[in-house]
file data_10.txt (compact mmCIF, N, CA and C atoms)
# COMPACT_ATOMS: atom_id res chain seq x y z
N MET F 25 -110.83 -22.55 70.28
CA MET F 25 -110.86 -24.00 70.33
C MET F 25 -110.17 -24.54 69.08
N THR F 26 -109.31 -25.55 69.29
CA THR F 26 -108.62 -26.14 68.15
C THR F 26 -109.58 -27.01 67.35
N SER F 27 -109.21 -27.28 66.12
CA SER F 27 -110.07 -28.14 65.31
C SER F 27 -110.13 -29.55 65.88
N THR F 28 -109.05 -30.01 66.54
CA THR F 28 -109.07 -31.34 67.15
C THR F 28 -110.08 -31.38 68.29
N ALA F 29 -110.10 -30.36 69.14
CA ALA F 29 -111.07 -30.31 70.23
C ALA F 29 -112.49 -30.28 69.66
N SER F 30 -112.68 -29.50 68.63
CA SER F 30 -113.99 -29.43 67.98
C SER F 30 -114.39 -30.79 67.41
N GLN F 31 -113.46 -31.47 66.77
CA GLN F 31 -113.73 -32.79 66.21
C GLN F 31 -114.08 -33.79 67.32
N HIS F 32 -113.36 -33.73 68.42
CA HIS F 32 -113.63 -34.64 69.54
C HIS F 32 -115.01 -34.39 70.12
N LYS F 33 -115.40 -33.13 70.24
CA LYS F 33 -116.74 -32.80 70.74
C LYS F 33 -117.81 -33.31 69.79
N GLU F 34 -117.61 -33.13 68.50
CA GLU F 34 -118.57 -33.62 67.51
C GLU F 34 -118.69 -35.14 67.57
N LEU F 35 -117.58 -35.83 67.76
CA LEU F 35 -117.57 -37.29 67.87
C LEU F 35 -118.41 -37.72 69.07
N VAL F 36 -118.16 -37.13 70.24
CA VAL F 36 -118.91 -37.50 71.45
C VAL F 36 -120.39 -37.18 71.29
N ASP F 37 -120.70 -36.03 70.75
CA ASP F 37 -122.11 -35.67 70.56
C ASP F 37 -122.80 -36.67 69.63
N ALA F 38 -122.15 -37.05 68.54
CA ALA F 38 -122.74 -38.02 67.62
C ALA F 38 -122.95 -39.37 68.31
N PHE F 39 -121.96 -39.81 69.07
CA PHE F 39 -122.06 -41.07 69.81
C PHE F 39 -123.23 -41.05 70.78
N VAL F 40 -123.33 -39.99 71.56
CA VAL F 40 -124.40 -39.87 72.56
C VAL F 40 -125.77 -39.87 71.89
N GLN F 41 -125.90 -39.10 70.83
CA GLN F 41 -127.20 -39.02 70.16
C GLN F 41 -127.59 -40.36 69.52
N GLU F 42 -126.62 -41.03 68.91
CA GLU F 42 -126.93 -42.31 68.26
C GLU F 42 -127.25 -43.40 69.28
N LEU F 43 -126.43 -43.52 70.32
CA LEU F 43 -126.63 -44.60 71.28
C LEU F 43 -127.73 -44.29 72.29
N PHE F 44 -127.62 -43.15 72.96
CA PHE F 44 -128.52 -42.88 74.08
C PHE F 44 -129.85 -42.26 73.66
N THR F 45 -129.86 -41.45 72.62
CA THR F 45 -131.13 -40.82 72.22
C THR F 45 -131.87 -41.67 71.19
N ARG F 46 -131.16 -42.20 70.19
CA ARG F 46 -131.85 -42.99 69.16
C ARG F 46 -131.88 -44.48 69.49
N GLY F 47 -131.06 -44.91 70.44
CA GLY F 47 -131.06 -46.32 70.83
C GLY F 47 -130.39 -47.25 69.84
N ASP F 48 -129.48 -46.74 69.04
CA ASP F 48 -128.77 -47.54 68.03
C ASP F 48 -127.59 -48.25 68.70
N LEU F 49 -127.77 -49.52 69.05
CA LEU F 49 -126.73 -50.26 69.76
C LEU F 49 -125.48 -50.47 68.91
N ASP F 50 -125.61 -50.41 67.58
CA ASP F 50 -124.43 -50.53 66.71
C ASP F 50 -123.50 -49.33 66.84
N ALA F 51 -123.97 -48.24 67.43
CA ALA F 51 -123.12 -47.06 67.66
C ALA F 51 -121.94 -47.41 68.54
N VAL F 52 -122.11 -48.38 69.42
CA VAL F 52 -121.01 -48.79 70.30
C VAL F 52 -119.82 -49.24 69.46
N ASP F 53 -120.06 -50.06 68.45
CA ASP F 53 -118.96 -50.54 67.60
C ASP F 53 -118.43 -49.46 66.67
N ARG F 54 -119.30 -48.57 66.21
CA ARG F 54 -118.86 -47.50 65.30
C ARG F 54 -118.00 -46.46 66.01
N TRP F 55 -118.29 -46.14 67.27
CA TRP F 55 -117.67 -44.99 67.92
C TRP F 55 -116.66 -45.33 69.01
N THR F 56 -116.53 -46.62 69.39
CA THR F 56 -115.55 -46.97 70.43
C THR F 56 -114.46 -47.87 69.87
N THR F 57 -113.33 -47.86 70.53
CA THR F 57 -112.22 -48.72 70.14
C THR F 57 -112.55 -50.17 70.53
N PRO F 58 -111.94 -51.14 69.86
CA PRO F 58 -112.20 -52.55 70.23
C PRO F 58 -111.88 -52.86 71.69
N ASP F 59 -110.90 -52.16 72.27
CA ASP F 59 -110.53 -52.41 73.67
C ASP F 59 -111.11 -51.35 74.61
N PHE F 60 -112.24 -50.76 74.25
CA PHE F 60 -112.93 -49.74 75.04
C PHE F 60 -113.07 -50.17 76.51
N VAL F 61 -112.84 -49.21 77.41
CA VAL F 61 -112.98 -49.46 78.85
C VAL F 61 -113.97 -48.47 79.43
N HIS F 62 -115.01 -48.99 80.12
CA HIS F 62 -115.95 -48.14 80.86
C HIS F 62 -115.59 -48.30 82.33
N HIS F 63 -114.95 -47.27 82.89
CA HIS F 63 -114.40 -47.36 84.24
C HIS F 63 -115.47 -47.38 85.33
N ASP F 64 -116.61 -46.78 85.10
CA ASP F 64 -117.62 -46.64 86.15
C ASP F 64 -119.01 -47.04 85.67
N PRO F 65 -119.21 -48.28 85.24
CA PRO F 65 -120.55 -48.64 84.77
C PRO F 65 -121.57 -48.49 85.90
N PRO F 66 -122.75 -47.90 85.60
CA PRO F 66 -123.72 -47.64 86.65
C PRO F 66 -124.51 -48.85 87.12
N PHE F 67 -124.44 -49.96 86.38
CA PHE F 67 -125.16 -51.18 86.76
C PHE F 67 -124.15 -52.25 87.10
N SER F 68 -124.43 -53.03 88.12
CA SER F 68 -123.54 -54.14 88.45
C SER F 68 -123.91 -55.35 87.60
N GLY F 69 -122.95 -56.24 87.45
CA GLY F 69 -123.21 -57.49 86.77
C GLY F 69 -123.20 -57.44 85.25
N VAL F 70 -122.81 -56.32 84.66
CA VAL F 70 -122.74 -56.26 83.20
C VAL F 70 -121.33 -56.62 82.76
N PRO F 71 -121.18 -57.14 81.56
CA PRO F 71 -119.84 -57.46 81.07
C PRO F 71 -118.99 -56.20 80.93
N GLU F 72 -117.72 -56.40 80.76
CA GLU F 72 -116.82 -55.26 80.58
C GLU F 72 -116.84 -54.81 79.12
N GLY F 73 -116.28 -53.63 78.90
CA GLY F 73 -116.05 -53.12 77.55
C GLY F 73 -117.31 -52.83 76.77
N ARG F 74 -117.19 -53.01 75.47
CA ARG F 74 -118.29 -52.72 74.55
C ARG F 74 -119.56 -53.49 74.89
N ASP F 75 -119.40 -54.77 75.24
CA ASP F 75 -120.58 -55.59 75.53
C ASP F 75 -121.36 -55.04 76.72
N GLY F 76 -120.65 -54.56 77.72
CA GLY F 76 -121.31 -53.98 78.89
C GLY F 76 -122.05 -52.71 78.56
N LEU F 77 -121.43 -51.86 77.75
CA LEU F 77 -122.08 -50.60 77.36
C LEU F 77 -123.34 -50.89 76.53
N ARG F 78 -123.23 -51.86 75.65
CA ARG F 78 -124.38 -52.25 74.83
C ARG F 78 -125.49 -52.84 75.71
N ALA F 79 -125.13 -53.69 76.68
CA ALA F 79 -126.12 -54.32 77.57
C ALA F 79 -126.83 -53.27 78.42
N MET F 80 -126.08 -52.32 78.98
CA MET F 80 -126.68 -51.27 79.79
C MET F 80 -127.64 -50.43 78.95
N SER F 81 -127.21 -50.10 77.76
CA SER F 81 -128.05 -49.28 76.88
C SER F 81 -129.33 -50.02 76.50
N ALA F 82 -129.22 -51.31 76.22
CA ALA F 82 -130.40 -52.11 75.86
C ALA F 82 -131.36 -52.21 77.04
N THR F 83 -130.84 -52.36 78.24
CA THR F 83 -131.68 -52.44 79.45
C THR F 83 -132.47 -51.16 79.65
N VAL F 84 -131.78 -50.04 79.54
CA VAL F 84 -132.44 -48.74 79.72
C VAL F 84 -133.47 -48.52 78.62
N ARG F 85 -133.11 -48.82 77.39
CA ARG F 85 -134.01 -48.60 76.25
C ARG F 85 -135.26 -49.47 76.38
N ALA F 86 -135.12 -50.71 76.87
CA ALA F 86 -136.28 -51.59 77.04
C ALA F 86 -137.24 -51.04 78.10
N ALA F 87 -136.71 -50.45 79.16
CA ALA F 87 -137.54 -49.92 80.24
C ALA F 87 -138.08 -48.53 79.92
N LEU F 88 -137.31 -47.76 79.16
CA LEU F 88 -137.64 -46.37 78.86
C LEU F 88 -137.48 -46.15 77.35
N PRO F 89 -138.45 -46.59 76.55
CA PRO F 89 -138.27 -46.58 75.10
C PRO F 89 -138.07 -45.21 74.47
N ASP F 90 -138.48 -44.15 75.15
CA ASP F 90 -138.28 -42.80 74.62
C ASP F 90 -137.10 -42.09 75.28
N TRP F 91 -136.21 -42.86 75.88
CA TRP F 91 -135.03 -42.33 76.58
C TRP F 91 -134.25 -41.42 75.66
N HIS F 92 -133.89 -40.25 76.14
CA HIS F 92 -133.05 -39.34 75.36
C HIS F 92 -132.18 -38.52 76.27
N SER F 93 -131.10 -38.04 75.73
CA SER F 93 -130.10 -37.29 76.49
C SER F 93 -130.05 -35.86 75.97
N ASP F 94 -130.28 -34.92 76.87
CA ASP F 94 -130.18 -33.50 76.53
C ASP F 94 -128.83 -32.97 76.99
N LEU F 95 -128.04 -32.54 76.05
CA LEU F 95 -126.71 -32.02 76.31
C LEU F 95 -126.79 -30.65 76.97
N GLU F 96 -126.11 -30.50 78.10
CA GLU F 96 -126.07 -29.21 78.79
C GLU F 96 -124.72 -28.52 78.67
N ALA F 97 -123.67 -29.31 78.56
CA ALA F 97 -122.34 -28.75 78.38
C ALA F 97 -121.43 -29.81 77.76
N LEU F 98 -120.52 -29.35 76.93
CA LEU F 98 -119.54 -30.23 76.30
C LEU F 98 -118.22 -29.46 76.26
N VAL F 99 -117.21 -30.00 76.95
CA VAL F 99 -115.92 -29.33 77.06
C VAL F 99 -114.84 -30.30 76.60
N ALA F 100 -113.92 -29.81 75.78
CA ALA F 100 -112.84 -30.66 75.28
C ALA F 100 -111.49 -30.01 75.52
N GLU F 101 -110.54 -30.85 75.89
CA GLU F 101 -109.15 -30.43 76.01
C GLU F 101 -108.27 -31.63 75.74
N GLY F 102 -107.33 -31.46 74.85
CA GLY F 102 -106.47 -32.58 74.48
C GLY F 102 -107.28 -33.73 73.93
N ASP F 103 -107.06 -34.91 74.51
CA ASP F 103 -107.78 -36.10 74.02
C ASP F 103 -109.01 -36.42 74.87
N GLN F 104 -109.44 -35.46 75.71
CA GLN F 104 -110.56 -35.72 76.60
C GLN F 104 -111.73 -34.78 76.35
N VAL F 105 -112.94 -35.34 76.51
CA VAL F 105 -114.18 -34.57 76.35
C VAL F 105 -115.05 -34.87 77.57
N VAL F 106 -115.60 -33.81 78.16
CA VAL F 106 -116.51 -33.97 79.29
C VAL F 106 -117.90 -33.51 78.85
N GLU F 107 -118.88 -34.35 79.15
CA GLU F 107 -120.26 -34.08 78.77
C GLU F 107 -121.10 -34.01 80.05
N ARG F 108 -121.87 -32.94 80.21
CA ARG F 108 -122.85 -32.84 81.29
C ARG F 108 -124.22 -32.90 80.63
N PHE F 109 -125.11 -33.73 81.14
CA PHE F 109 -126.38 -33.98 80.47
C PHE F 109 -127.49 -34.23 81.47
N THR F 110 -128.71 -34.20 80.97
CA THR F 110 -129.87 -34.70 81.69
C THR F 110 -130.61 -35.63 80.74
N ALA F 111 -130.75 -36.88 81.16
CA ALA F 111 -131.47 -37.86 80.37
C ALA F 111 -132.86 -38.06 80.97
N THR F 112 -133.84 -38.27 80.11
CA THR F 112 -135.21 -38.50 80.57
C THR F 112 -135.87 -39.57 79.72
N GLY F 113 -136.86 -40.21 80.29
CA GLY F 113 -137.62 -41.20 79.55
C GLY F 113 -138.82 -41.65 80.36
N THR F 114 -139.82 -42.18 79.66
CA THR F 114 -141.04 -42.65 80.30
C THR F 114 -140.88 -44.11 80.69
N HIS F 115 -141.14 -44.40 81.95
CA HIS F 115 -140.96 -45.75 82.50
C HIS F 115 -142.07 -46.68 82.00
N ARG F 116 -141.79 -47.42 80.92
CA ARG F 116 -142.78 -48.28 80.28
C ARG F 116 -142.45 -49.77 80.36
N GLY F 117 -141.29 -50.10 80.91
CA GLY F 117 -140.88 -51.50 81.07
C GLY F 117 -140.20 -51.67 82.41
N GLU F 118 -140.03 -52.91 82.83
CA GLU F 118 -139.41 -53.18 84.13
C GLU F 118 -137.99 -52.61 84.18
N LEU F 119 -137.67 -52.00 85.32
CA LEU F 119 -136.32 -51.46 85.54
C LEU F 119 -135.94 -51.71 86.99
N PHE F 120 -134.83 -52.40 87.21
CA PHE F 120 -134.37 -52.77 88.55
C PHE F 120 -135.47 -53.50 89.33
N GLY F 121 -136.25 -54.31 88.62
CA GLY F 121 -137.30 -55.07 89.26
C GLY F 121 -138.59 -54.30 89.52
N VAL F 122 -138.64 -53.05 89.10
CA VAL F 122 -139.83 -52.21 89.31
C VAL F 122 -140.68 -52.25 88.05
N ALA F 123 -141.96 -52.60 88.23
CA ALA F 123 -142.90 -52.62 87.11
C ALA F 123 -143.09 -51.22 86.56
N PRO F 124 -143.49 -51.10 85.30
CA PRO F 124 -143.68 -49.78 84.69
C PRO F 124 -144.64 -48.91 85.51
N THR F 125 -144.25 -47.64 85.65
CA THR F 125 -145.08 -46.68 86.39
C THR F 125 -145.72 -45.65 85.48
N GLY F 126 -145.21 -45.51 84.27
CA GLY F 126 -145.70 -44.48 83.36
C GLY F 126 -145.14 -43.10 83.67
N LYS F 127 -144.31 -43.01 84.72
CA LYS F 127 -143.71 -41.73 85.10
C LYS F 127 -142.52 -41.39 84.21
N THR F 128 -142.27 -40.10 84.07
CA THR F 128 -141.06 -39.65 83.40
C THR F 128 -139.94 -39.69 84.43
N LEU F 129 -138.89 -40.44 84.12
CA LEU F 129 -137.72 -40.54 84.99
C LEU F 129 -136.64 -39.59 84.47
N VAL F 130 -135.92 -38.98 85.41
CA VAL F 130 -134.90 -38.00 85.07
C VAL F 130 -133.57 -38.45 85.67
N LEU F 131 -132.51 -38.43 84.86
CA LEU F 131 -131.19 -38.86 85.32
C LEU F 131 -130.14 -37.86 84.85
N PRO F 132 -129.72 -36.94 85.74
CA PRO F 132 -128.61 -36.06 85.37
C PRO F 132 -127.28 -36.79 85.57
N GLY F 133 -126.28 -36.35 84.83
CA GLY F 133 -124.98 -36.97 84.99
C GLY F 133 -123.88 -36.27 84.22
N ILE F 134 -122.69 -36.79 84.42
CA ILE F 134 -121.49 -36.29 83.75
C ILE F 134 -120.72 -37.51 83.25
N ASN F 135 -120.30 -37.47 82.00
CA ASN F 135 -119.43 -38.49 81.42
C ASN F 135 -118.15 -37.83 80.94
N MET F 136 -117.05 -38.52 81.13
CA MET F 136 -115.78 -38.06 80.57
C MET F 136 -115.28 -39.15 79.63
N TYR F 137 -114.83 -38.73 78.47
CA TYR F 137 -114.37 -39.65 77.43
C TYR F 137 -112.92 -39.35 77.07
N ARG F 138 -112.16 -40.41 76.77
CA ARG F 138 -110.82 -40.23 76.20
C ARG F 138 -110.89 -40.72 74.76
N ILE F 139 -110.44 -39.86 73.86
CA ILE F 139 -110.49 -40.14 72.43
C ILE F 139 -109.13 -40.65 71.97
N GLU F 140 -109.15 -41.67 71.14
CA GLU F 140 -107.92 -42.25 70.60
C GLU F 140 -108.16 -42.56 69.12
N GLU F 141 -107.42 -41.90 68.26
CA GLU F 141 -107.50 -42.12 66.81
C GLU F 141 -108.94 -42.07 66.29
N GLY F 142 -109.69 -41.05 66.73
CA GLY F 142 -111.03 -40.82 66.21
C GLY F 142 -112.12 -41.70 66.80
N ARG F 143 -111.82 -42.39 67.90
CA ARG F 143 -112.82 -43.24 68.56
C ARG F 143 -112.70 -43.07 70.07
N ILE F 144 -113.76 -43.46 70.77
CA ILE F 144 -113.77 -43.37 72.23
C ILE F 144 -113.08 -44.61 72.79
N ALA F 145 -112.00 -44.39 73.54
CA ALA F 145 -111.22 -45.49 74.10
C ALA F 145 -111.58 -45.76 75.56
N GLU F 146 -111.95 -44.69 76.30
CA GLU F 146 -112.29 -44.85 77.70
C GLU F 146 -113.45 -43.92 78.06
N MET F 147 -114.20 -44.33 79.10
CA MET F 147 -115.33 -43.54 79.55
C MET F 147 -115.43 -43.66 81.07
N TRP F 148 -115.65 -42.53 81.72
CA TRP F 148 -115.91 -42.47 83.15
C TRP F 148 -117.28 -41.84 83.33
N SER F 149 -118.10 -42.38 84.19
CA SER F 149 -119.47 -41.89 84.37
C SER F 149 -119.74 -41.56 85.82
N ARG F 150 -120.41 -40.45 86.04
CA ARG F 150 -120.94 -40.07 87.35
C ARG F 150 -122.40 -39.72 87.12
N LEU F 151 -123.26 -40.65 87.50
CA LEU F 151 -124.69 -40.49 87.27
C LEU F 151 -125.41 -40.40 88.62
N ASP F 152 -126.54 -39.73 88.63
CA ASP F 152 -127.34 -39.64 89.86
C ASP F 152 -128.21 -40.90 89.98
N VAL F 153 -127.53 -42.02 90.22
CA VAL F 153 -128.23 -43.29 90.33
C VAL F 153 -129.13 -43.30 91.57
N LEU F 154 -128.68 -42.69 92.66
CA LEU F 154 -129.52 -42.62 93.86
C LEU F 154 -130.82 -41.87 93.56
N GLY F 155 -130.74 -40.78 92.83
CA GLY F 155 -131.94 -40.05 92.43
C GLY F 155 -132.86 -40.91 91.59
N LEU F 156 -132.28 -41.71 90.69
CA LEU F 156 -133.08 -42.62 89.86
C LEU F 156 -133.77 -43.67 90.74
N LEU F 157 -133.02 -44.23 91.68
CA LEU F 157 -133.61 -45.23 92.58
C LEU F 157 -134.73 -44.63 93.42
N ARG F 158 -134.58 -43.39 93.83
CA ARG F 158 -135.65 -42.72 94.57
C ARG F 158 -136.90 -42.58 93.71
N GLN F 159 -136.72 -42.20 92.45
CA GLN F 159 -137.86 -42.06 91.55
C GLN F 159 -138.59 -43.38 91.35
N LEU F 160 -137.86 -44.48 91.45
CA LEU F 160 -138.44 -45.80 91.30
C LEU F 160 -139.00 -46.36 92.62
N GLY F 161 -138.80 -45.59 93.69
CA GLY F 161 -139.28 -46.04 95.00
C GLY F 161 -138.39 -47.07 95.66
N LEU F 162 -137.13 -47.17 95.22
CA LEU F 162 -136.20 -48.16 95.77
C LEU F 162 -135.25 -47.58 96.81
N ALA F 163 -135.31 -46.29 97.02
CA ALA F 163 -134.41 -45.66 98.02
C ALA F 163 -135.15 -44.52 98.70

call {"tool": "encode", "arguments": {"input": "data_10.txt", "output": "structure tokens"}}
result
Amino acid sequence: MTSTASQHKELVDAFVQELFTRGDLDAVDRWTTPDFVHHDPPFSGVPEGRDGLRAMSATVRAALPDWHSDLEALVAEGDQVVERFTATGTHRGELFGVAPTGKTLVLPGINMYRIEEGRIAEMWSRLDVLGLLRQLGLA
């Protein structure tokens, strides 16, 4: 593995841990480019770019305050990094209109990132949203 691939993997891992595991919304500004694009946001009605990523993260964190992401695989090639993960958290706040259940919710997924000059410029997400909706009793 080249040092650039290694650096890109470290960047993505730090971003994921800061934003998704620790809930630090400022990580969005530290780790993404000003013109960041999230191609596949999992929630409808959120703003584009950094604001949308921050809003989605805040929504999840409010509903699942112990939300964390467990890294299962991280692969880098060129300017791209692919992350496979399983995120979990205890349902303690309203989510998609569902009152807190106290259940542990599980969300596996895959994210692909494009790195540009040491920051995340683009992100594509494939999350098991249907599985999450089933856990909430919505599907």

call {"tool": "select_by_dssp", "arguments": {"input": "data_10.txt", "residues": "region 35-78 of chain F", "states": "strand (DSSP E or B)", "output": "VMD selection string"}}
result
chain F and resid 56 to 62

call {"tool": "closest_residue", "arguments": {"input": "data_10.txt", "among": "F:Leu129, F:Met147, F:Val105, F:Leu154", "to": "Asp37 (chain F)", "atoms": "only C-alpha atoms"}}
result
F:Val105

call {"tool": "atom_distance", "arguments": {"input": "data_10.txt", "atom1": "atom C of Arg116 (chain F)", "atom2": "atom C of Leu49 (chain F)"}}
result
20.5 Å

call {"tool": "closest_residue", "arguments": {"input": "data_10.txt", "among": "F:Glu118, F:Gly142, F:Met80, F:Val153", "to": "Gln31 (chain F)", "atoms": "all atoms listed in the file"}}
result
F:Gly142

call {"tool": "residues_near_point", "arguments": {"input": "data_10.txt", "point": "(-124.6, -46.0, 70.5)", "cutoff": "8 Å", "atoms": "only N, CA and C atoms", "output": "ChimeraX atom specification"}}
result
/F:38-55,77-78,81

call {"tool": "write_last_selection", "arguments": {"input": "data_10.txt", "atoms": "N, CA and C atoms", "output": "PDB file, in the coordinates of the input"}}
result
ATOM      1  N   ALA F  38    -122.150 -37.050  68.540  1.00  0.00           N
ATOM      2  CA  ALA F  38    -122.740 -38.020  67.620  1.00  0.00           C
ATOM      3  C   ALA F  38    -122.950 -39.370  68.310  1.00  0.00           C
ATOM      4  N   PHE F  39    -121.960 -39.810  69.070  1.00  0.00           N
ATOM      5  CA  PHE F  39    -122.060 -41.070  69.810  1.00  0.00           C
ATOM      6  C   PHE F  39    -123.230 -41.050  70.780  1.00  0.00           C
ATOM      7  N   VAL F  40    -123.330 -39.990  71.560  1.00  0.00           N
ATOM      8  CA  VAL F  40    -124.400 -39.870  72.560  1.00  0.00           C
ATOM      9  C   VAL F  40    -125.770 -39.870  71.890  1.00  0.00           C
ATOM     10  N   GLN F  41    -125.900 -39.100  70.830  1.00  0.00           N
ATOM     11  CA  GLN F  41    -127.200 -39.020  70.160  1.00  0.00           C
ATOM     12  C   GLN F  41    -127.590 -40.360  69.520  1.00  0.00           C
ATOM     13  N   GLU F  42    -126.620 -41.030  68.910  1.00  0.00           N
ATOM     14  CA  GLU F  42    -126.930 -42.310  68.260  1.00  0.00           C
ATOM     15  C   GLU F  42    -127.250 -43.400  69.280  1.00  0.00           C
ATOM     16  N   LEU F  43    -126.430 -43.520  70.320  1.00  0.00           N
ATOM     17  CA  LEU F  43    -126.630 -44.600  71.280  1.00  0.00           C
ATOM     18  C   LEU F  43    -127.730 -44.290  72.290  1.00  0.00           C
ATOM     19  N   PHE F  44    -127.620 -43.150  72.960  1.00  0.00           N
ATOM     20  CA  PHE F  44    -128.520 -42.880  74.080  1.00  0.00           C
ATOM     21  C   PHE F  44    -129.850 -42.260  73.660  1.00  0.00           C
ATOM     22  N   THR F  45    -129.860 -41.450  72.620  1.00  0.00           N
ATOM     23  CA  THR F  45    -131.130 -40.820  72.220  1.00  0.00           C
ATOM     24  C   THR F  45    -131.870 -41.670  71.190  1.00  0.00           C
ATOM     25  N   ARG F  46    -131.160 -42.200  70.190  1.00  0.00           N
ATOM     26  CA  ARG F  46    -131.850 -42.990  69.160  1.00  0.00           C
ATOM     27  C   ARG F  46    -131.880 -44.480  69.490  1.00  0.00           C
ATOM     28  N   GLY F  47    -131.060 -44.910  70.440  1.00  0.00           N
ATOM     29  CA  GLY F  47    -131.060 -46.320  70.830  1.00  0.00           C
ATOM     30  C   GLY F  47    -130.390 -47.250  69.840  1.00  0.00           C
ATOM     31  N   ASP F  48    -129.480 -46.740  69.040  1.00  0.00           N
ATOM     32  CA  ASP F  48    -128.770 -47.540  68.030  1.00  0.00           C
ATOM     33  C   ASP F  48    -127.590 -48.250  68.700  1.00  0.00           C
ATOM     34  N   LEU F  49    -127.770 -49.520  69.050  1.00  0.00           N
ATOM     35  CA  LEU F  49    -126.730 -50.260  69.760  1.00  0.00           C
ATOM     36  C   LEU F  49    -125.480 -50.470  68.910  1.00  0.00           C
ATOM     37  N   ASP F  50    -125.610 -50.410  67.580  1.00  0.00           N
ATOM     38  CA  ASP F  50    -124.430 -50.530  66.710  1.00  0.00           C
ATOM     39  C   ASP F  50    -123.500 -49.330  66.840  1.00  0.00           C
ATOM     40  N   ALA F  51    -123.970 -48.240  67.430  1.00  0.00           N
ATOM     41  CA  ALA F  51    -123.120 -47.060  67.660  1.00  0.00           C
ATOM     42  C   ALA F  51    -121.940 -47.410  68.540  1.00  0.00           C
ATOM     43  N   VAL F  52    -122.110 -48.380  69.420  1.00  0.00           N
ATOM     44  CA  VAL F  52    -121.010 -48.790  70.300  1.00  0.00           C
ATOM     45  C   VAL F  52    -119.820 -49.240  69.460  1.00  0.00           C
ATOM     46  N   ASP F  53    -120.060 -50.060  68.450  1.00  0.00           N
ATOM     47  CA  ASP F  53    -118.960 -50.540  67.600  1.00  0.00           C
ATOM     48  C   ASP F  53    -118.430 -49.460  66.670  1.00  0.00           C
ATOM     49  N   ARG F  54    -119.300 -48.570  66.210  1.00  0.00           N
ATOM     50  CA  ARG F  54    -118.860 -47.500  65.300  1.00  0.00           C
ATOM     51  C   ARG F  54    -118.000 -46.460  66.010  1.00  0.00           C
ATOM     52  N   TRP F  55    -118.290 -46.140  67.270  1.00  0.00           N
ATOM     53  CA  TRP F  55    -117.670 -44.990  67.920  1.00  0.00           C
ATOM     54  C   TRP F  55    -116.660 -45.330  69.010  1.00  0.00           C
ATOM     55  N   LEU F  77    -121.430 -51.860  77.750  1.00  0.00           N
ATOM     56  CA  LEU F  77    -122.080 -50.600  77.360  1.00  0.00           C
ATOM     57  C   LEU F  77    -123.340 -50.890  76.530  1.00  0.00           C
ATOM     58  N   ARG F  78    -123.230 -51.860  75.650  1.00  0.00           N
ATOM     59  CA  ARG F  78    -124.380 -52.250  74.830  1.00  0.00           C
ATOM     60  C   ARG F  78    -125.490 -52.840  75.710  1.00  0.00           C
ATOM     61  N   SER F  81    -127.210 -50.100  77.760  1.00  0.00           N
ATOM     62  CA  SER F  81    -128.050 -49.280  76.880  1.00  0.00           C
ATOM     63  C   SER F  81    -129.330 -50.020  76.500  1.00  0.00           C
TER      64      SER F  81
END

call {"tool": "closest_residue", "arguments": {"input": "data_10.txt", "among": "F:Asp90, F:Gly161, F:Glu34, F:Ala145", "to": "Phe60 (chain F)", "atoms": "all atoms listed in the file"}}
result
F:Ala145

call {"tool": "closest_residue", "arguments": {"input": "data_10.txt", "among": "F:Gly69, F:Pro132, F:Pro58, F:Gly155", "to": "Thr110 (chain F)", "atoms": "all atoms listed in the file"}}
result
F:Pro132

call {"tool": "closest_residue", "arguments": {"input": "data_10.txt", "among": "F:Lys127, F:Lys33, F:Gly73, F:Leu160", "to": "Leu98 (chain F)", "atoms": "all atoms listed in the file"}}
result
F:Lys33

call {"tool": "closest_residue", "arguments": {"input": "data_10.txt", "among": "F:Ile134, F:Ala79, F:Val70, F:Ala163", "to": "Glu96 (chain F)", "atoms": "only C-alpha atoms"}}
result
F:Ile134

call {"tool": "residues_around", "arguments": {"input": "data_10.txt", "residues": "Leu162 (chain F)", "least_positions_apart": "6", "cutoff": "9 Å", "atoms": "only C-alpha atoms", "output": "list in words"}}
result
Phe120, Val122, Leu154 and Leu156 of chain F

call {"tool": "select_by_dssp", "arguments": {"input": "data_10.txt", "residues": "region 78-157 of chain F", "states": "alpha helix (DSSP H)", "output": "list in words"}}
result
Arg78, Ala79, Met80, Ser81, Ala82, Thr83, Val84, Arg85, Ala86, Ala87, Val153, Leu154, Gly155, Leu156 and Leu157 of chain F

call {"tool": "atom_distance", "arguments": {"input": "data_10.txt", "atom1": "CA of Asp64 (chain F)", "atom2": "CA of Gly121 (chain F)"}}
result
21.6 Å

call {"tool": "atom_distance", "arguments": {"input": "data_10.txt", "atom1": "CA of Arg138 (chain F)", "atom2": "CA of Thr83 (chain F)"}}
result
24.4 Å

call {"tool": "residues_around", "arguments": {"input": "data_10.txt", "residues": "Asp94 (chain F)", "least_positions_apart": "2", "cutoff": "7 Å", "atoms": "only N, CA and C atoms", "output": "PyMOL selection string"}}
result
chain F and resi 92+96-97+108-112

call {"tool": "axis_aligned_box", "arguments": {"input": "data_10.txt", "around": "region 156-161 of chain F", "padding_each_side": "8 Å", "output": "JSON"}}
result
{"center_x": -135.8, "center_y": -44.4, "center_z": 92.8, "size_x": 23.0, "size_y": 21.4, "size_z": 21.8}
